Amino acid sequence: MAKNCLQITHDGNSIQLSWQRGQAIRRTAPAIPFEHPFDQKALDDLRWYLEDYLRQPYGLAPDIAARIERQFQTWGEQLFELVFRSSEKAREFFHESTREGLNNCELVIISDNPEVLNLPWELLYSPSDRLFLAPSLAGMSRSLSDYPIRAEMGDLPADKLNILLVIARPYGEKDIAFKTIARPLLESVSNIRKRVNIKVLRPPSFEQFERELNDKPGFYHIVHFDGHGNFDPNSQGFQHSFGVAGQGVLIFEAFDGSPQIITAAKIAQNLANCRVPIFVLNACKSAQEGEGSFSSVATRLVSLGAKGVVAMAYSVYAQAAKHFMGRLYGELAAGKSLSTAVSAGRKQVLNQPQRPSPKGDKPLQDWLVPVLYQQENYTPFTPANTVDDIESYFEETVSNLVDFSQEGSYGFIGRDYDILRLERAFRQNNIVLLQGMGGVGKTELAGGFARWLDETQGRSFIFFISFEHGATLSNVINHVGRKVWGDKFSQYATEKQQQAVLNYLKNNNCLLIWDNFEPVAGFPVGNEPLLSASERENLQRFLKNLRGGKSWILITSRREESWLGCAYSLVNLQGLREQDVEELAAKILQMVGVDRAKLPKEYLDLLKLLGGHPLSLRVILPHLKTQTPSQLIEALQLGLDTFSGAEEEGRDKSLTVSLDYSFSKLSEKAQRHLPFLGLFSERFYSYWLCIFLLNPDSDFGKAYREICGENLQTNNWETILVEAVEVGIIEHLGNNIYQIHPVLPWYLRQLLIKKSTQAAIWELEKNVLLFYAALAEKYSEQLISNPESTSIMLQLEEPNFLQSLHLAEKNKLWGTVQLILTVLGDVYKLWGRTPEFISLRQRAIKQIGIDEM
């Protein structure tokens with residue numbers, strides 16, 4: 001049954017409303033002058049609300065957001081007045097459409113003008129009905145003037161809705177998260193995976209894009225591009241009657257990861273040649289026309305024959321994308337038209353308004369973000385009317401993962417950029433070593449990477465083998481062989497088995513994960529290897545033979561494994577990124593019953609202090625149930641025994657176990673002296689250790705000897721630091737700079753407390769504090785004469801200065817407080833962080849006031 005249609009046509013300086021009831025003749029209202037209804041501030045406010053507000057929902061932001069939300073109705077009424085109350089005829093058409101039911105009516109906006117196409121038409125608001133039209137309509141789309149409807153695409157597959165997902169991140173760490181859209185997309189279609197087939201393009205280059213489409217013409221119903229789009233005013237080969245040249249472009253990713261700018265015309269040609277009807281764009285600016293120019297990516301694709309383009313008018317939150325894409329693809333898989341599916345997706349976003357923020361889930365009215373461009377209503381997929389065989393339901397999901405453990409309590413969180421790094425590393429080399437500190441999440445990342453590949457057709461079989469207790473080549477061979485060939489495999493001699501597995505892996509796209517590999521050759525260096533020399537040689541030879549083959553080999557270790565001699569690519573793993581930290585923290589706090597919305601702003605300072613280390617987050621955050629963020633920050637920095645009850649309460653003991661294990665492998669000298677590092681925060685400059693201990697008869701030297709038993713020479717400390725790096729407790733960043741495990745200072749303080757008195761520890765700590773006071777005075781002078789290099793050193797030492805400031809305030813050493821505040825005030829001004837300094841100064845003044853009272 002044909003739907004009713006309201007049509008807003010823009011032409012030159014006027015707009016005109018028309019109405020068509022079913023197959024009846026279209027009727028038109030008089031044309032009226034068009035004036036842009038919104039000023040730039042309104043458009044800027046709308047963009048801020050949709051894209052920026054929930055990133056920092058503090059201070060006045062919630063009040064500003066609420067004001068903008070109230071403006072939605074005002075702006076919608078302005079649009080409504082412009083279109084539907086411009087004449088008696090226009091009023092009549094709208095009343096007819098409402099009598100027939102808005103759910104049976106589609107609204108189409110037709111124009112060639114970017115300003116008109118970019119208006120937030122989805123905000124149209126009927127004052128009499130007191131509702132926004134877009135969520136109530138059967139469909140809403142934008143179309144172009146004077147472009148013919150193209151020929152039909154022909155028959156496409158009817159067994160599954162086939163989607164090619166292109167994820168291009170050519171800007172590396174500065175780019176948006178790798179799986180921002182892919183993760184919620186995969187989650188959202190998990191319940192209809194029998195009807196939806198998603199393949200990720202690897203590599204996401206235009207050459208591979210062409211190859212994939214040409215290899216499978218008439219196969220894909222949808223290309224989903226997740227990346228960046230833009231407008232190139234200098235692009236040749238396209239000029240509209242307005243006389244404005246240029247066109248939209250999408251940025252693919254070349255084999256080496258660099259940007260690859262491709263015009264919409266080239267993309268559209270491939271879609272047409274290979275009979276792909278629909279293009280879905282998550283690209284930034286994908287629905288935004290070039291300023292003063294005609295063509296954007298979305299309009300250009302439609303003008304050259306795409307049946308429909310779904311684009312995002314603004315950056316979309318992952319949670320909103322999950323709701324929208326899940327409903328969109330679910331409706332399309334059920335055989336609904338594209339317009340109907342987009343409308344259903346918009347309603348899903350409207351009905352699920354909660355979005356994550358640092359203060360917990362908050363409602364956001366972002367249902368107007370998705371927009372549809374099309375020249376005609378189109379249904380891309382007509383499912384075959386067949387009943388699935390009962391056997392297809394015996395197994396819930398088909399997985400190519402072999403011997404993988406279940407995900408942890410919180411699931412796999414984030415690591416999008418690290419997964420991107422692994423993907424890129426494997427493009428260059430089929431053997432990759434993932435190296436990182438103990439407990440940073442190497443095993444979790446390996447598992448998450450494997451599941452990602454499994455869900456997106458990245459590998460055929462994926463094998464997981466842990467070397468923590470000394471697996472041998474025989475374990476590897478049996479692991480692979482039995483999965484591939486079953487019981488038949490055991491019939492053959494060992495040599496035949498090895499050769500068969502080797503050839504299979506070289507000629508098939510598998511992933512082989514060797515986890516916790518460091519004990520194989522002895523960990524740390526000097527410890528007894530878990531495997532004999534001949535067993536290590538077997539692994540080494542096997543790995544060399546796999547080099548250059550089709551299978552990928554991912555090795556995880558706390559250190560580099562150069563003895564393997566196979567020229568692997570190295571990927572170093574750090575802590576979680578800020579957004580991922582917030583996501584993991586939210587799940588931890590939810591499980592222990594802590595309401596993030598009620599936490600003070602210091603909660604973010606606590607997250608920052610924990611450095612994105614997953615184990616640190618899991619161990620420390622549950623204490624927010626009984627402690628404030630400030631109390632936990634103090635405990636971490638000063639080593640208070642706040643966490644002694646954690647083990648008794650059955651919480652995650654893995655961090656302490658990990659550190660205990662690492663320390664047990666250190667030399668006696670290292671175990672005796674490393675606790676001194678508990679007086680530092682986040683990083684330390686090893687040169688200071690030499691300065692501290694230069695004079696063993698100084699107050700500092702005596703205080704140190706009182707606790708650690710002896711003073712050390714420079715070369716002794718260097719040996720100890722090498723040991724600490726080897727076991728993954730600290731990390732060498734270069735130039736005598738070391739990074740400390742986020743919770744290590746707390747752990748080391750416990751060791752100090754066990755071996756000495758509080759008075760002796762304070763004496764040592766007081767000398768460190770005096771050193772930083774003197775250093776602050778020195779840096780204040782050098783900021784004038786040599787600001788550049790001094791600023792770099794202050795950036796390195798900032799955490800230690802902040803810790804010293806807190807300690808000085810606590811012990812009422814106001815002279816030291818003044819010295820540290822002075823240097824921080826100077827450098828924060830240089831860095832543009834004056835508000836932070838003001839906050840520190842006010843805190844100090846408040847404490848001085850309390851002291852004087």
# chains A, B, ... in the order shown; residues from 1 in each chain; ligands from 1
$ residues_around --residues "region 432-435 of chain A" --least-positions-apart "5" --cutoff "8 Å" --atoms "only C-alpha atoms" --output "short mmCIF file (atom, residue, chain, number, x, y, z; two decimals) with N, CA and C atoms, in the first residue's frame"
data_model
loop_
_atom_site.label_atom_id
_atom_site.label_comp_id
_atom_site.auth_asym_id
_atom_site.auth_seq_id
_atom_site.Cartn_x
_atom_site.Cartn_y
_atom_site.Cartn_z
N LEU A 422 47.31 -3.75 16.44
CA LEU A 422 47.56 -5.15 16.11
C LEU A 422 47.20 -5.45 14.66
N ALA A 425 49.91 -4.01 12.57
CA ALA A 425 51.16 -4.75 12.73
C ALA A 425 51.12 -6.04 11.92
N PHE A 426 49.97 -6.71 11.91
CA PHE A 426 49.86 -7.95 11.16
C PHE A 426 49.82 -7.73 9.64
N LYS A 442 47.38 -7.88 28.88
CA LYS A 442 47.83 -8.49 27.61
C LYS A 442 46.95 -9.67 27.23
N TRP A 552 48.53 -15.72 11.33
CA TRP A 552 49.12 -14.73 12.22
C TRP A 552 49.47 -15.41 13.54
N ILE A 553 50.61 -15.00 14.12
CA ILE A 553 51.03 -15.52 15.43
C ILE A 553 51.18 -14.34 16.38
N LEU A 554 50.42 -14.35 17.45
CA LEU A 554 50.45 -13.29 18.47
C LEU A 554 51.05 -13.85 19.75
N ILE A 555 52.17 -13.29 20.18
CA ILE A 555 52.86 -13.73 21.40
C ILE A 555 52.71 -12.63 22.44
N THR A 556 52.30 -12.99 23.66
CA THR A 556 52.22 -12.00 24.73
C THR A 556 53.31 -12.29 25.77
N SER A 557 53.95 -11.24 26.24
CA SER A 557 55.04 -11.40 27.21
C SER A 557 55.27 -10.10 27.96
N ARG A 558 55.85 -10.22 29.16
CA ARG A 558 56.21 -9.03 29.93
C ARG A 558 57.47 -8.36 29.38
N ARG A 559 58.16 -9.04 28.50
CA ARG A 559 59.43 -8.50 28.01
C ARG A 559 59.55 -8.85 26.53
N GLU A 560 60.56 -8.33 25.90
CA GLU A 560 60.86 -8.73 24.53
C GLU A 560 61.48 -10.13 24.54
N TYR A 568 60.06 -10.44 14.74
CA TYR A 568 58.66 -10.11 14.94
C TYR A 568 58.46 -8.59 15.00
N SER A 569 57.21 -8.16 14.85
CA SER A 569 56.85 -6.77 15.09
C SER A 569 56.48 -6.62 16.56
N LEU A 570 56.89 -5.52 17.18
CA LEU A 570 56.65 -5.30 18.61
C LEU A 570 55.53 -4.29 18.81
N VAL A 571 54.55 -4.65 19.64
CA VAL A 571 53.48 -3.74 20.05
C VAL A 571 53.53 -3.64 21.56
N ASN A 572 53.79 -2.44 22.07
CA ASN A 572 53.89 -2.22 23.52
C ASN A 572 52.53 -1.80 24.06
N LEU A 573 52.07 -2.46 25.11
CA LEU A 573 50.74 -2.20 25.66
C LEU A 573 50.82 -1.31 26.89
#
$ residues_around --residues "Pro529 (chain A)" --least-positions-apart "4" --cutoff "12 Å" --atoms "only C-alpha atoms" --output "PDB file with C-alpha atoms, in the first residue's frame"
ATOM      1  CA  PHE A 467      52.863 -20.975  28.186  1.00  0.00           C
ATOM      2  CA  GLU A 468      52.524 -19.951  31.833  1.00  0.00           C
ATOM      3  CA  HIS A 469      53.292 -23.506  32.973  1.00  0.00           C
ATOM      4  CA  GLY A 470      55.621 -24.463  30.144  1.00  0.00           C
ATOM      5  CA  ALA A 471      53.725 -25.590  27.026  1.00  0.00           C
ATOM      6  CA  PHE A 517      55.407 -16.555  27.000  1.00  0.00           C
ATOM      7  CA  GLU A 518      58.053 -15.059  29.329  1.00  0.00           C
ATOM      8  CA  PRO A 519      58.677 -18.147  31.552  1.00  0.00           C
ATOM      9  CA  VAL A 520      59.758 -20.249  28.544  1.00  0.00           C
ATOM     10  CA  ALA A 521      63.310 -18.864  28.565  1.00  0.00           C
ATOM     11  CA  GLY A 522      63.357 -18.044  32.300  1.00  0.00           C
ATOM     12  CA  PHE A 523      61.764 -14.994  33.847  1.00  0.00           C
ATOM     13  CA  PRO A 524      63.353 -12.695  34.716  1.00  0.00           C
ATOM     14  CA  VAL A 525      66.695 -13.222  32.995  1.00  0.00           C
ATOM     15  CA  ALA A 533      67.186 -25.855  25.417  1.00  0.00           C
ATOM     16  CA  SER A 534      66.024 -28.412  22.852  1.00  0.00           C
ATOM     17  CA  GLU A 535      62.334 -27.616  23.495  1.00  0.00           C
ATOM     18  CA  ARG A 536      63.040 -23.897  23.081  1.00  0.00           C
TER      19      ARG A 536
END
$ closest_residue --among "A:Gln78, A:Asn516, A:Gln758, A:Thr340" --to "Leu119 (chain A)" --atoms "only C-alpha atoms"
A:Gln78
$ atom_distance --atom1 "CA of Pro157 (chain A)" --atom2 "CA of Arg300 (chain A)"
26.3 Å
$ residues_around --residues "Lys362 (chain A)" --least-positions-apart "3" --cutoff "12 Å" --atoms "only C-alpha atoms" --output "list in words"
Tyr53, Leu54, Arg55, Gln56, Pro57, Pro62, Ala65, Ala66, Gln319, Gln352, Pro353, Gln354, Arg355, Pro356, Ser357, Pro358, Lys359, Gln365, Asp366, Arg596 and Ala597 of chain A
$ write_last_selection --atoms "C-alpha atoms" --output "PDB file, in the first residue's frame"
ATOM      1  CA  TYR A  53      27.881  18.123  26.646  1.00  0.00           C
ATOM      2  CA  LEU A  54      28.128  14.583  28.020  1.00  0.00           C
ATOM      3  CA  ARG A  55      31.927  14.542  27.743  1.00  0.00           C
ATOM      4  CA  GLN A  56      32.146  17.041  30.613  1.00  0.00           C
ATOM      5  CA  PRO A  57      28.737  17.253  32.366  1.00  0.00           C
ATOM      6  CA  PRO A  62      23.663  20.486  32.793  1.00  0.00           C
ATOM      7  CA  ALA A  65      21.993  21.548  28.192  1.00  0.00           C
ATOM      8  CA  ALA A  66      18.521  21.765  29.762  1.00  0.00           C
ATOM      9  CA  GLN A 319      25.160   3.708  22.679  1.00  0.00           C
ATOM     10  CA  GLN A 352      16.443   4.611  24.816  1.00  0.00           C
ATOM     11  CA  PRO A 353      17.842   8.075  25.659  1.00  0.00           C
ATOM     12  CA  GLN A 354      20.412   7.104  28.311  1.00  0.00           C
ATOM     13  CA  ARG A 355      24.024   7.784  27.259  1.00  0.00           C
ATOM     14  CA  PRO A 356      27.205   7.198  29.286  1.00  0.00           C
ATOM     15  CA  SER A 357      29.002  10.098  30.936  1.00  0.00           C
ATOM     16  CA  PRO A 358      31.589  10.484  33.715  1.00  0.00           C
ATOM     17  CA  LYS A 359      28.664  11.108  36.078  1.00  0.00           C
ATOM     18  CA  GLN A 365      17.799  13.746  22.892  1.00  0.00           C
ATOM     19  CA  ASP A 366      19.955  12.622  19.968  1.00  0.00           C
ATOM     20  CA  ARG A 596      28.639   7.425  40.126  1.00  0.00           C
ATOM     21  CA  ALA A 597      26.213  10.320  39.922  1.00  0.00           C
TER      22      ALA A 597
END
